[in-house]
Structure formats: structure tokens, C-alpha cells
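Structure file model_6.txt; described as compact mmCIF, C-alpha atoms.
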# COMPACT_ATOMS: atom_id res chain seq x y z
CA MET B 1 45.42 -45.52 -45.56
CA SER B 2 46.85 -42.48 -43.76
CA ASN B 3 44.69 -40.16 -41.67
CA PHE B 4 46.50 -37.10 -43.06
CA MET B 5 44.43 -34.55 -44.98
CA ASN B 6 44.78 -30.81 -45.58
CA HIS B 7 41.14 -30.07 -44.76
CA PRO B 8 39.07 -30.48 -41.59
CA TYR B 9 36.37 -32.66 -43.07
CA HIS B 10 35.74 -36.38 -42.60
CA LEU B 11 35.53 -38.35 -45.83
CA VAL B 12 34.21 -41.60 -44.42
CA ASP B 13 35.57 -44.99 -45.37
CA LYS B 14 33.34 -47.35 -47.31
CA SER B 15 30.69 -48.82 -45.04
CA PRO B 16 27.92 -51.39 -45.54
CA TRP B 17 25.68 -49.91 -42.88
CA PRO B 18 23.84 -47.17 -44.80
CA LEU B 19 22.56 -49.55 -47.48
CA LEU B 20 21.93 -52.44 -45.10
CA SER B 21 20.04 -50.23 -42.66
CA ALA B 22 17.85 -49.02 -45.51
CA PHE B 23 17.01 -52.62 -46.39
CA SER B 24 16.39 -53.63 -42.79
CA VAL B 25 14.05 -50.75 -41.95
CA MET B 26 12.15 -51.27 -45.20
CA SER B 27 11.82 -54.90 -44.22
CA LEU B 28 10.74 -53.80 -40.72
CA VAL B 29 7.80 -51.70 -41.90
CA THR B 30 6.85 -54.27 -44.51
CA GLY B 31 6.96 -56.88 -41.75
CA LEU B 32 4.67 -54.74 -39.57
CA ALA B 33 2.09 -54.54 -42.36
CA LYS B 34 2.47 -58.27 -42.98
CA TRP B 35 1.98 -58.99 -39.29
CA PHE B 36 -1.20 -56.92 -39.12
CA HIS B 37 -2.69 -58.54 -42.22
CA THR B 38 -1.53 -62.16 -42.00
CA PHE B 39 -0.81 -62.44 -38.24
CA ASN B 40 2.65 -63.84 -39.07
CA VAL B 41 5.32 -62.15 -36.95
CA SER B 42 8.45 -63.65 -38.52
CA LEU B 43 9.45 -60.83 -40.87
CA VAL B 44 9.03 -58.03 -38.34
CA ALA B 45 10.83 -60.05 -35.65
CA PHE B 46 13.78 -60.81 -37.91
CA SER B 47 13.92 -57.22 -39.20
CA LEU B 48 13.89 -55.79 -35.67
CA PHE B 49 16.83 -58.04 -34.81
CA ALA B 50 18.74 -57.09 -37.96
CA THR B 51 18.05 -53.37 -37.54
CA THR B 52 19.30 -53.47 -33.96
CA LEU B 53 22.53 -55.20 -34.95
CA ILE B 54 23.11 -52.74 -37.79
CA MET B 55 22.49 -49.71 -35.57
CA ILE B 56 24.93 -51.05 -32.98
CA GLN B 57 27.63 -51.58 -35.60
CA TRP B 58 27.13 -48.26 -37.36
CA TRP B 59 27.30 -46.25 -34.15
CA ARG B 60 30.22 -48.38 -32.96
CA ASP B 61 32.02 -47.30 -36.12
CA VAL B 62 31.22 -43.62 -35.47
CA VAL B 63 32.73 -43.96 -31.97
CA ARG B 64 35.79 -45.62 -33.46
CA GLU B 65 36.21 -42.85 -36.04
CA GLY B 66 35.72 -40.03 -33.54
CA THR B 67 37.18 -41.20 -30.26
CA TYR B 68 39.84 -43.64 -31.37
CA GLN B 69 40.91 -42.26 -34.76
CA GLY B 70 40.50 -38.55 -33.95
CA LEU B 71 38.61 -37.82 -37.14
CA HIS B 72 35.98 -35.59 -35.46
CA THR B 73 37.42 -32.11 -35.92
CA ILE B 74 35.54 -28.98 -34.82
CA GLN B 75 34.13 -28.67 -38.32
CA VAL B 76 32.90 -32.27 -38.25
CA GLY B 77 31.38 -31.48 -34.86
CA VAL B 78 29.43 -28.60 -36.37
CA GLY B 79 27.95 -31.02 -38.89
CA LEU B 80 27.08 -33.52 -36.18
CA ARG B 81 25.38 -30.80 -34.16
CA TRP B 82 23.33 -29.68 -37.14
CA GLY B 83 22.39 -33.28 -37.73
CA MET B 84 21.13 -33.81 -34.21
CA ILE B 85 19.28 -30.50 -34.17
CA LEU B 86 17.53 -31.26 -37.44
CA PHE B 87 16.68 -34.78 -36.29
CA ILE B 88 15.15 -33.53 -33.05
CA THR B 89 13.23 -30.91 -35.04
CA SER B 90 11.77 -33.65 -37.22
CA GLU B 91 10.72 -35.49 -34.06
CA VAL B 92 9.02 -32.36 -32.74
CA LEU B 93 6.96 -32.27 -35.94
CA PHE B 94 6.22 -35.98 -35.55
CA PHE B 95 4.72 -35.36 -32.12
CA MET B 96 2.89 -32.27 -33.32
CA SER B 97 0.82 -34.51 -35.57
CA PHE B 98 -0.39 -36.53 -32.57
CA PHE B 99 -1.19 -33.39 -30.62
CA TRP B 100 -3.12 -32.17 -33.67
CA ALA B 101 -5.12 -35.38 -33.69
CA PHE B 102 -5.80 -35.06 -29.96
CA PHE B 103 -7.01 -31.46 -30.15
CA HIS B 104 -9.02 -32.18 -33.30
CA SER B 105 -11.03 -34.81 -31.42
CA SER B 106 -11.17 -33.15 -28.01
CA LEU B 107 -11.85 -29.47 -28.67
CA ALA B 108 -15.25 -30.17 -30.25
CA PRO B 109 -16.18 -33.68 -29.07
CA ALA B 110 -18.43 -35.57 -31.49
CA VAL B 111 -22.09 -35.92 -30.62
CA GLU B 112 -21.65 -39.71 -30.85
CA LEU B 113 -19.30 -39.48 -27.85
CA GLY B 114 -21.89 -37.59 -25.84
CA SER B 115 -20.43 -34.21 -26.85
CA SER B 116 -18.11 -34.44 -23.89
CA TRP B 117 -14.42 -34.98 -23.33
CA PRO B 118 -13.54 -37.45 -21.94
CA PRO B 119 -16.29 -39.35 -23.79
CA ALA B 120 -19.03 -40.93 -21.69
CA GLY B 121 -17.81 -44.29 -20.40
CA ILE B 122 -14.15 -43.30 -20.20
CA LYS B 123 -12.62 -42.97 -16.74
CA PRO B 124 -9.42 -40.94 -17.20
CA PHE B 125 -6.36 -40.93 -14.93
CA ASN B 126 -6.14 -38.51 -12.04
CA PRO B 127 -3.34 -36.30 -13.39
CA PHE B 128 -2.12 -35.49 -9.90
CA GLN B 129 -1.26 -39.06 -8.98
CA ILE B 130 1.26 -41.02 -11.06
CA PRO B 131 1.33 -38.58 -14.01
CA LEU B 132 2.46 -35.83 -11.64
CA LEU B 133 5.11 -38.13 -10.19
CA ASN B 134 6.29 -38.88 -13.73
CA THR B 135 6.54 -35.15 -14.38
CA ALA B 136 8.68 -34.69 -11.28
CA ILE B 137 10.87 -37.64 -12.33
CA LEU B 138 11.57 -36.27 -15.81
CA LEU B 139 12.20 -32.77 -14.53
CA ALA B 140 14.59 -34.19 -11.93
CA SER B 141 16.36 -36.16 -14.63
CA GLY B 142 16.92 -32.92 -16.53
CA VAL B 143 18.68 -31.55 -13.46
CA THR B 144 20.79 -34.68 -12.99
CA VAL B 145 21.94 -34.75 -16.63
CA THR B 146 23.00 -31.09 -16.26
CA TRP B 147 24.87 -32.01 -13.07
CA SER B 148 26.67 -34.69 -15.06
CA HIS B 149 27.41 -32.36 -17.98
CA HIS B 150 28.97 -29.65 -15.80
CA ALA B 151 31.04 -32.24 -14.00
CA LEU B 152 32.27 -33.53 -17.37
CA MET B 153 33.18 -30.03 -18.48
CA GLN B 154 35.16 -29.57 -15.27
CA ASN B 155 36.92 -32.91 -15.73
CA ASN B 156 35.30 -34.40 -12.64
CA TYR B 157 34.97 -38.07 -13.57
CA THR B 158 33.16 -39.27 -10.44
CA GLN B 159 30.55 -36.52 -10.36
CA GLY B 160 29.97 -36.98 -14.07
CA LEU B 161 29.40 -40.67 -13.47
CA GLN B 162 27.02 -40.10 -10.54
CA GLY B 163 24.89 -37.63 -12.49
CA LEU B 164 24.62 -40.03 -15.42
CA VAL B 165 23.71 -42.97 -13.20
CA ALA B 166 21.02 -40.87 -11.51
CA THR B 167 19.65 -39.83 -14.90
CA VAL B 168 19.48 -43.38 -16.27
CA PHE B 169 17.86 -44.57 -13.05
CA LEU B 170 15.18 -41.86 -13.26
CA GLY B 171 14.54 -42.77 -16.89
CA LEU B 172 14.03 -46.43 -15.96
CA TYR B 173 11.81 -45.42 -13.03
CA PHE B 174 9.62 -43.35 -15.40
CA THR B 175 9.31 -46.25 -17.83
CA SER B 176 8.30 -48.74 -15.14
CA LEU B 177 5.69 -46.35 -13.72
CA GLN B 178 4.22 -45.78 -17.20
CA ALA B 179 4.11 -49.53 -17.83
CA LEU B 180 2.23 -49.91 -14.54
CA GLU B 181 -0.17 -47.12 -15.56
CA TYR B 182 -0.75 -48.82 -18.92
CA TYR B 183 -1.68 -52.05 -17.16
CA GLU B 184 -3.92 -50.31 -14.61
CA ALA B 185 -5.70 -48.15 -17.22
CA PRO B 186 -9.47 -48.67 -17.26
CA PHE B 187 -9.50 -47.83 -20.97
CA SER B 188 -7.55 -49.35 -23.87
CA ILE B 189 -6.34 -48.08 -27.25
CA ALA B 190 -9.56 -49.44 -28.77
CA ASP B 191 -11.79 -47.39 -26.48
CA ALA B 192 -13.01 -44.53 -28.63
CA VAL B 193 -10.79 -41.85 -30.11
CA TYR B 194 -9.82 -41.02 -26.51
CA GLY B 195 -7.95 -44.30 -26.22
CA SER B 196 -6.42 -43.93 -29.67
CA THR B 197 -5.04 -40.45 -29.06
CA PHE B 198 -3.96 -41.24 -25.51
CA PHE B 199 -2.04 -44.43 -26.23
CA VAL B 200 -0.53 -43.36 -29.56
CA ALA B 201 0.77 -40.08 -28.11
CA THR B 202 1.96 -41.45 -24.77
CA GLY B 203 3.09 -44.69 -26.41
CA PHE B 204 5.40 -42.97 -28.87
CA HIS B 205 6.60 -40.76 -26.04
CA GLY B 206 7.36 -43.84 -23.93
CA LEU B 207 9.28 -45.35 -26.85
CA HIS B 208 11.34 -42.15 -27.02
CA VAL B 209 12.02 -42.34 -23.28
CA ILE B 210 13.33 -45.88 -23.78
CA ILE B 211 15.50 -44.74 -26.71
CA GLY B 212 16.76 -41.75 -24.70
CA THR B 213 17.56 -43.94 -21.72
CA ALA B 214 19.48 -46.33 -23.97
CA PHE B 215 21.42 -43.40 -25.47
CA LEU B 216 22.30 -42.17 -21.95
CA LEU B 217 23.28 -45.70 -20.92
CA VAL B 218 25.66 -45.88 -23.88
CA CYS B 219 27.13 -42.55 -22.73
CA LEU B 220 27.49 -43.97 -19.23
CA ILE B 221 29.44 -46.96 -20.53
CA ARG B 222 31.58 -44.76 -22.78
CA HIS B 223 32.30 -42.47 -19.83
CA MET B 224 33.53 -45.49 -17.87
CA PHE B 225 35.87 -46.19 -20.82
CA ASN B 226 37.10 -42.59 -20.63
CA HIS B 227 35.84 -41.59 -24.06
CA PHE B 228 34.90 -38.06 -22.95
CA SER B 229 37.24 -35.10 -22.42
CA SER B 230 36.24 -31.85 -20.80
CA THR B 231 36.02 -30.13 -24.16
CA HIS B 232 35.03 -32.95 -26.49
CA HIS B 233 32.00 -35.06 -25.64
CA PHE B 234 29.44 -34.50 -28.36
CA GLY B 235 27.83 -37.93 -27.93
CA PHE B 236 26.95 -36.92 -24.38
CA GLU B 237 25.63 -33.53 -25.49
CA ALA B 238 23.47 -35.14 -28.19
CA ALA B 239 22.05 -37.56 -25.61
CA ALA B 240 21.34 -34.68 -23.23
CA TRP B 241 19.63 -32.65 -25.95
CA TYR B 242 17.47 -35.66 -26.86
CA TRP B 243 16.64 -36.24 -23.22
CA HIS B 244 15.53 -32.62 -22.72
CA PHE B 245 13.35 -32.96 -25.83
CA VAL B 246 11.72 -36.08 -24.35
CA ASP B 247 11.10 -34.14 -21.13
CA VAL B 248 9.49 -31.20 -22.97
CA VAL B 249 7.21 -33.53 -24.96
CA TRP B 250 6.07 -35.07 -21.67
CA LEU B 251 5.29 -31.62 -20.25
CA PHE B 252 3.04 -30.94 -23.25
CA LEU B 253 1.45 -34.39 -22.87
CA PHE B 254 0.86 -33.86 -19.17
CA ILE B 255 -0.69 -30.43 -19.58
CA SER B 256 -2.88 -31.12 -22.60
CA ILE B 257 -3.85 -34.80 -22.47
CA TYR B 258 -3.64 -35.64 -18.79
CA TRP B 259 -4.67 -32.35 -17.21
CA TRP B 260 -6.72 -30.28 -19.71
CA GLY B 261 -8.16 -33.43 -21.25
CA ASN B 262 -9.44 -34.70 -17.92
CA MET F 1 22.63 -14.38 -48.65
CA ALA F 2 21.88 -17.95 -47.63
CA SER F 3 25.59 -18.76 -47.30
CA VAL F 4 26.12 -15.72 -45.06
CA LEU F 5 23.25 -16.88 -42.87
CA GLY F 6 24.71 -20.37 -42.87
CA LYS F 7 28.15 -19.08 -41.79
CA VAL F 8 26.65 -16.96 -38.99
CA VAL F 9 24.60 -19.85 -37.61
CA SER F 10 27.49 -22.32 -37.94
CA ARG F 11 29.79 -19.96 -36.07
CA GLY F 12 27.06 -19.68 -33.44
CA ILE F 13 27.06 -23.43 -33.01
CA SER F 14 30.82 -23.84 -32.83
CA THR F 15 31.23 -20.86 -30.47
CA THR F 16 28.76 -22.46 -28.11
CA ARG F 17 31.00 -25.49 -27.91
CA VAL F 18 34.16 -23.44 -27.46
CA ALA F 19 32.48 -21.25 -24.83
CA SER F 20 31.57 -24.27 -22.76
CA GLY F 21 35.22 -25.33 -23.06
CA GLN F 22 36.30 -21.95 -21.73
CA ALA F 23 33.92 -22.35 -18.84
CA ALA F 24 35.98 -25.36 -17.83
CA VAL F 25 39.12 -23.25 -17.62
CA SER F 26 38.00 -19.77 -16.51
CA GLY F 27 36.49 -19.63 -13.03
CA HIS F 28 33.28 -21.59 -13.12
CA GLN F 29 35.03 -24.59 -11.66
CA ASP F 30 32.07 -25.67 -9.62
CA GLY F 31 29.10 -25.52 -11.95
CA TRP F 32 28.46 -29.17 -11.16
CA LYS F 33 28.12 -28.35 -7.46
CA LEU F 34 25.16 -26.05 -8.16
CA TRP F 35 23.39 -28.72 -10.18
CA ARG F 36 24.16 -31.42 -7.62
CA LYS F 37 22.68 -29.17 -4.91
CA LEU F 38 19.59 -28.63 -7.07
CA THR F 39 19.36 -32.40 -7.53
CA PHE F 40 19.43 -33.30 -3.83
CA LEU F 41 17.68 -30.25 -2.37
CA VAL F 42 14.97 -29.59 -4.97
CA ALA F 43 14.57 -32.21 -7.68
CA LEU F 44 14.74 -35.45 -5.70
CA PRO F 45 12.73 -34.10 -2.72
CA GLY F 46 10.11 -33.06 -5.30
CA VAL F 47 10.07 -36.63 -6.61
CA ALA F 48 9.81 -37.95 -3.04
CA LEU F 49 6.85 -35.67 -2.28
CA CYS F 50 5.07 -36.88 -5.40
CA MET F 51 5.80 -40.48 -4.44
CA LEU F 52 4.25 -39.82 -1.03
CA ASN F 53 1.24 -38.25 -2.70
CA VAL F 54 0.72 -41.37 -4.82
CA TYR F 55 1.14 -43.64 -1.81
CA LEU F 56 -1.48 -41.69 0.14
CA GLY F 57 -3.83 -41.85 -2.83
CA LEU F 58 -3.73 -45.64 -3.11
CA ASP F 59 -6.56 -45.97 -0.60
CA ASP F 60 -9.02 -44.23 -2.89
CA VAL F 61 -11.18 -47.21 -3.84
CA GLU F 62 -13.38 -45.26 -6.23
CA ALA F 63 -10.42 -43.99 -8.20
CA HIS F 64 -8.97 -47.47 -8.59
CA SER F 65 -12.13 -49.44 -9.33
CA ALA F 66 -13.43 -50.57 -12.69
CA PRO F 67 -15.97 -48.30 -14.41
CA PRO F 68 -19.48 -49.81 -14.86
CA PHE F 69 -19.97 -51.61 -18.18
CA VAL F 70 -22.12 -49.63 -20.64
CA PRO F 71 -22.14 -51.02 -24.22
CA TYR F 72 -21.29 -47.75 -25.99
CA ASP F 73 -20.64 -48.47 -29.66
CA TYR F 74 -17.50 -46.30 -29.75
CA MET F 75 -15.82 -48.33 -26.99
CA ARG F 76 -14.06 -51.69 -27.28
CA ILE F 77 -13.72 -51.32 -31.04
CA ARG F 78 -12.79 -54.54 -32.81
CA ASN F 79 -12.90 -53.73 -36.53
CA LYS F 80 -9.84 -55.93 -36.87
CA ARG F 81 -8.64 -58.42 -34.29
CA PHE F 82 -5.46 -57.67 -32.36
CA PRO F 83 -2.55 -59.60 -33.94
CA TRP F 84 -1.89 -61.68 -30.79
CA GLY F 85 -3.65 -64.29 -28.71
CA ASP F 86 -7.37 -64.56 -29.42
CA GLY F 87 -7.27 -61.05 -30.85
CA GLN F 88 -9.78 -59.71 -28.35
CA LYS F 89 -7.47 -58.31 -25.67
CA SER F 90 -5.38 -55.15 -25.94
CA LEU F 91 -1.64 -55.29 -25.30
CA PHE F 92 -1.91 -54.23 -21.64
CA HIS F 93 -5.24 -55.94 -21.00
CA ASN F 94 -6.19 -56.01 -17.33
CA PRO F 95 -9.26 -58.20 -16.70
CA HIS F 96 -10.11 -56.23 -13.55
CA VAL F 97 -10.61 -52.90 -15.25
CA ASN F 98 -10.82 -53.65 -18.99
CA ALA F 99 -14.11 -55.04 -20.23
CA LEU F 100 -14.30 -57.07 -23.44
CA PRO F 101 -16.90 -56.13 -26.08
CA GLY F 102 -19.44 -58.36 -24.29
CA GLY F 103 -18.71 -57.13 -20.78
CA TYR F 104 -16.23 -57.86 -18.02
CA GLU F 105 -14.74 -61.34 -17.99
CA HIS F 106 -16.17 -63.51 -15.24
CA THR F 107 -13.64 -63.75 -12.44
CA ASP F 108 -14.11 -65.66 -9.20
CA GLU F 109 -12.67 -62.87 -7.07
CA HIS F 110 -14.62 -59.73 -6.15
CA HIS F 111 -13.01 -56.35 -6.86
Go through the file and emit its structure as C-alpha cells.
Amino acid sequence: MSNFMNHPYHLVDKSPWPLLSAFSVMSLVTGLAKWFHTFNVSLVAFSLFATTLIMIQWWRDVVREGTYQGLHTIQVGVGLRWGMILFITSEVLFFMSFFWAFFHSSLAPAVELGSSWPPAGIKPFNPFQIPLLNTAILLASGVTVTWSHHALMQNNYTQGLQGLVATVFLGLYFTSLQALEYYEAPFSIADAVYGSTFFVATGFHGLHVIIGTAFLLVCLIRHMFNHFSSTHHFGFEAAAWYWHFVDVVWLFLFISIYWWGN
Amino acid sequence: MASVLGKVVSRGISTTRVASGQAAVSGHQDGWKLWRKLTFLVALPGVALCMLNVYLGLDDVEAHSAPPFVPYDYMRIRNKRFPWGDGQKSLFHNPHVNALPGGYEHTDEHH
């Protein structure tokens, strides 16, 4: 099948991944419900494994189509950009729901909690210890990813690599510090609505940090395989956009939950 | 109307990409140098200062000790058991600072 066409669009080849990924994520959420009700983890474990494999193969195919087959024209790039922007927008709305829940419970604390926030019995984190360090780490990682991006745009391979390595390292550092905080926390998710809002909001954020770090790590590996040119590196830009989004969500978390909510 | 808006926004997106390509060619050869300077002179020193601040704060015994156990009914909720282990401990359970519904677990060591 020739790659010649007299239009700039990408009519994708037949692929099993869209349908299979739909099945595997359906199975994943069904497995979660099954785990919570029957305490049997098999379905969710298998579905997580399957979903991971399918994601790897689908994105591998996108890299093949774009980088190796040259099918990502400027017009295709516009579509990809829209896609990433809309996805990140949907994630913003996702987090807004958790901030809504937090403010709902904390602005007018229930009388059962002692009409105070934090509720009586909850010892919150000092925001100016590890949470502040985490803020500095994510802000720094925003600078390092920009360092990398400019280097890429100026065809400087080594500087691009260094910036990316620094960014991934900072992402991993953040995750380990948060894991430590989670273990050291004197309250759990089951400790009043404080624990619920805290761990659901910061937990989903942490998951997004892990996803963002993985995305950047993939970019790092692709950079080492010379996939990026100075003018064409949308995978990197998408990862950087996602990473900045993760950083901004943290800033909101830090200010409202850690600091104001203290 | 909607298609005009769509074209304008789409052109905005593709021009952004082309503009960054032009930046590579025109004269801004050293944009990365600015951001590398910011990294090593501002961002990472900021991280280091915060690390120092945490290190100095480790001695604060009160801040790092377990809160006294008061059996508030909105704490340590167990309407449904956790789907792991004996179902009584949260995922990041720390026996030093996390009490169970009946109180802290009895440990031999003093914290």
C-alpha cells in the first residue's frame, strides 16, 4: 500500500487497538467494582496488564506512523494538538470536581466535625515543610523541561537530553517525597471528609505525576533514538504541556488544601 | 460562522508551531542557555533551600509525633473493610501515627 495521497490527512490503517482498548478498560473498571465487592483481585489485575500492553502497542504504532512513515503532516499535527488540548481540558474539569468537593466540605465545616477545618482530631501537614519542597521541585521541573524544549528547537541534542533527564529526575523525586508523606501522614483516607478530600485529590494528582513522568521518559528514550527534529517534535510538546498542567494542579492543591486548609 | 472560528483557531495553532520553528533559524539561537541559567541559578537553588528547610525541621518532635487518640465517630471510618489484608489498615498505614478504630496498636517501642 503506497503512502501517496493528494491530501494532507492521515487515513489510518486498520488497527485492533481502539476496540481492544475499549474492552480492556471496561474490564478494568468492572474488575475494580468486583474487587471492592468480592475482594477478588484477578479481573482488575489482568485488565491492568492488558490495558498497559495495548497502550504501549497503540502509541508504538503512532510513533511508527509519524516518525518512521512520515504520515504526520502539518495538518495532522493540528489535529493532534487539538486532541491534546481537549484532553487536558477534560482533565482540568476532572480535578475541578475534587476541588469542588474539598471546598464544599471545608468552607462551612459540619457541626459534627466540630465546625472547624481541619476537623477536631486531624493533625494536618505543615505546608512549609515537604509540601513547599514539592512545590519548588515541580516549578523547577517546569524550567528544566523548557530548557530541554529550547535546546531541541535549536538542534542541540546534548542540552535537550540534559534538560529532559533533569525533568524526569525531578518528577521521580516528587513522587518519592509524596509517597513518604503518605506513609508519615497521621491521618488516612478514612479519617473524616478531610482524609477523603485530601487523599482523593492529591492521590489523583500523584497518579498524573507518574503518568507525566512516564510520558517524559518515553520522550527521553525517543530523543536518544533521534526521533525529534528542531521543527517536528509534537510528542515532546504534548508531554511538556501535560507536565505544566500537572504542575498547575499542584499549585492549586498546595494553596487550597495544604495552605488555606491548614 | 463556526467554520470561520474554527479556521482562525486552527491557523493560530499551526502558526504557533511554525513560529517556534522560525525561532530556531532567526537569531534566538541561545534560548536554551537562558533556561539552563534559570535552572542552575534559580530553580535548583530554590529546591536546595527547601530541602535544607525540611532537614532543619526534622527535629521538631511535636510536629512529627502521633496525635492523641480521641474516638471521634467521623474518624477511622470502616463502613466497608479495605480490600486487602485484614481490611482494617489503610493503604499507607503507619502504626506509629495511624490509630485503628480501637486505638493505637500496641508496639513495644516508645515513640
Residues near Ala214 (chain B), anyone? I mean within 10 Å using all atoms listed in the file, not counting same-chain ones fewer than 3 positions away, as a PDB file with C-alpha atoms, keeping the file's coordinate frame.
ATOM      1  CA  VAL B 168      19.480 -43.380 -16.270  1.00  0.00           C
ATOM      2  CA  GLY B 171      14.540 -42.770 -16.890  1.00  0.00           C
ATOM      3  CA  LEU B 172      14.030 -46.430 -15.960  1.00  0.00           C
ATOM      4  CA  HIS B 208      11.340 -42.150 -27.020  1.00  0.00           C
ATOM      5  CA  VAL B 209      12.020 -42.340 -23.280  1.00  0.00           C
ATOM      6  CA  ILE B 210      13.330 -45.880 -23.780  1.00  0.00           C
ATOM      7  CA  ILE B 211      15.500 -44.740 -26.710  1.00  0.00           C
ATOM      8  CA  LEU B 217      23.280 -45.700 -20.920  1.00  0.00           C
ATOM      9  CA  VAL B 218      25.660 -45.880 -23.880  1.00  0.00           C
ATOM     10  CA  CYS B 219      27.130 -42.550 -22.730  1.00  0.00           C
ATOM     11  CA  LEU B 220      27.490 -43.970 -19.230  1.00  0.00           C
ATOM     12  CA  ALA B 239      22.050 -37.560 -25.610  1.00  0.00           C
TER      13      ALA B 239
END
Task: Atomic distance CA of Ser47 (chain B) - CA of Leu28 (chain B), expressed in Å with one decimal - done: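 Distance between the two atoms: 4.9 Å.
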TODO: Identify every residue of chain B that has at least one atom within 8 Å of any atom of chain F, counting only C-alpha atoms, and report the result as JSON, numbers by chain.
DONE: {"B": [35, 36, 39, 74, 77, 78, 81, 112, 113, 121, 122, 123, 126, 129, 130, 132, 133, 136, 137, 139, 140, 143, 144, 146, 147, 148, 149, 150, 151, 153, 154, 155, 159, 163, 182, 183, 184, 185, 186, 187, 188, 189, 190, 191, 192, 230, 231]}
- [ ] Considering all atoms listed in the file, return as a VMD selection string whatever protein or nucleic-acid residues lie within 12 Å of region 60-69 of chain B, sequence-local ones (same chain, fewer than 3 positions apart) excluded.
- [x] chain B and resid 2 to 4 10 to 18 53 to 57 72 to 74 76 to 77 80 218 to 219 222 to 223 225 to 229 232 to 236
Can you tell me, as a short mmCIF file (atom, residue, chain, number, x, y, z; two decimals) with C-alpha atoms, in the coordinates of the input, what residues are no more than 10 Å from Glu91 (chain B) when counting all atoms listed in the file, ignoring any on the same chain fewer than 3 positions away?
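What landed in around.cif:
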data_model
loop_
_atom_site.label_atom_id
_atom_site.label_comp_id
_atom_site.auth_asym_id
_atom_site.auth_seq_id
_atom_site.Cartn_x
_atom_site.Cartn_y
_atom_site.Cartn_z
CA ILE B 85 19.28 -30.50 -34.17
CA LEU B 86 17.53 -31.26 -37.44
CA PHE B 87 16.68 -34.78 -36.29
CA ILE B 88 15.15 -33.53 -33.05
CA PHE B 94 6.22 -35.98 -35.55
CA PHE B 95 4.72 -35.36 -32.12
CA MET B 96 2.89 -32.27 -33.32
CA HIS B 208 11.34 -42.15 -27.02
CA TYR B 242 17.47 -35.66 -26.86
CA PHE B 245 13.35 -32.96 -25.83
CA VAL B 246 11.72 -36.08 -24.35
CA VAL B 249 7.21 -33.53 -24.96
#
Task: Atomic distance CA of Glu237 (chain B) - CA of Tyr157 (chain B), expressed in Å with one decimal - done: 15.8 Å
Open item on the list: Please report the interatomic distance between CA of Leu177 (chain B) and CA of Pro131 (chain B) in Å with one decimal.
Closed with: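 Those two atoms sit 8.9 Å apart.
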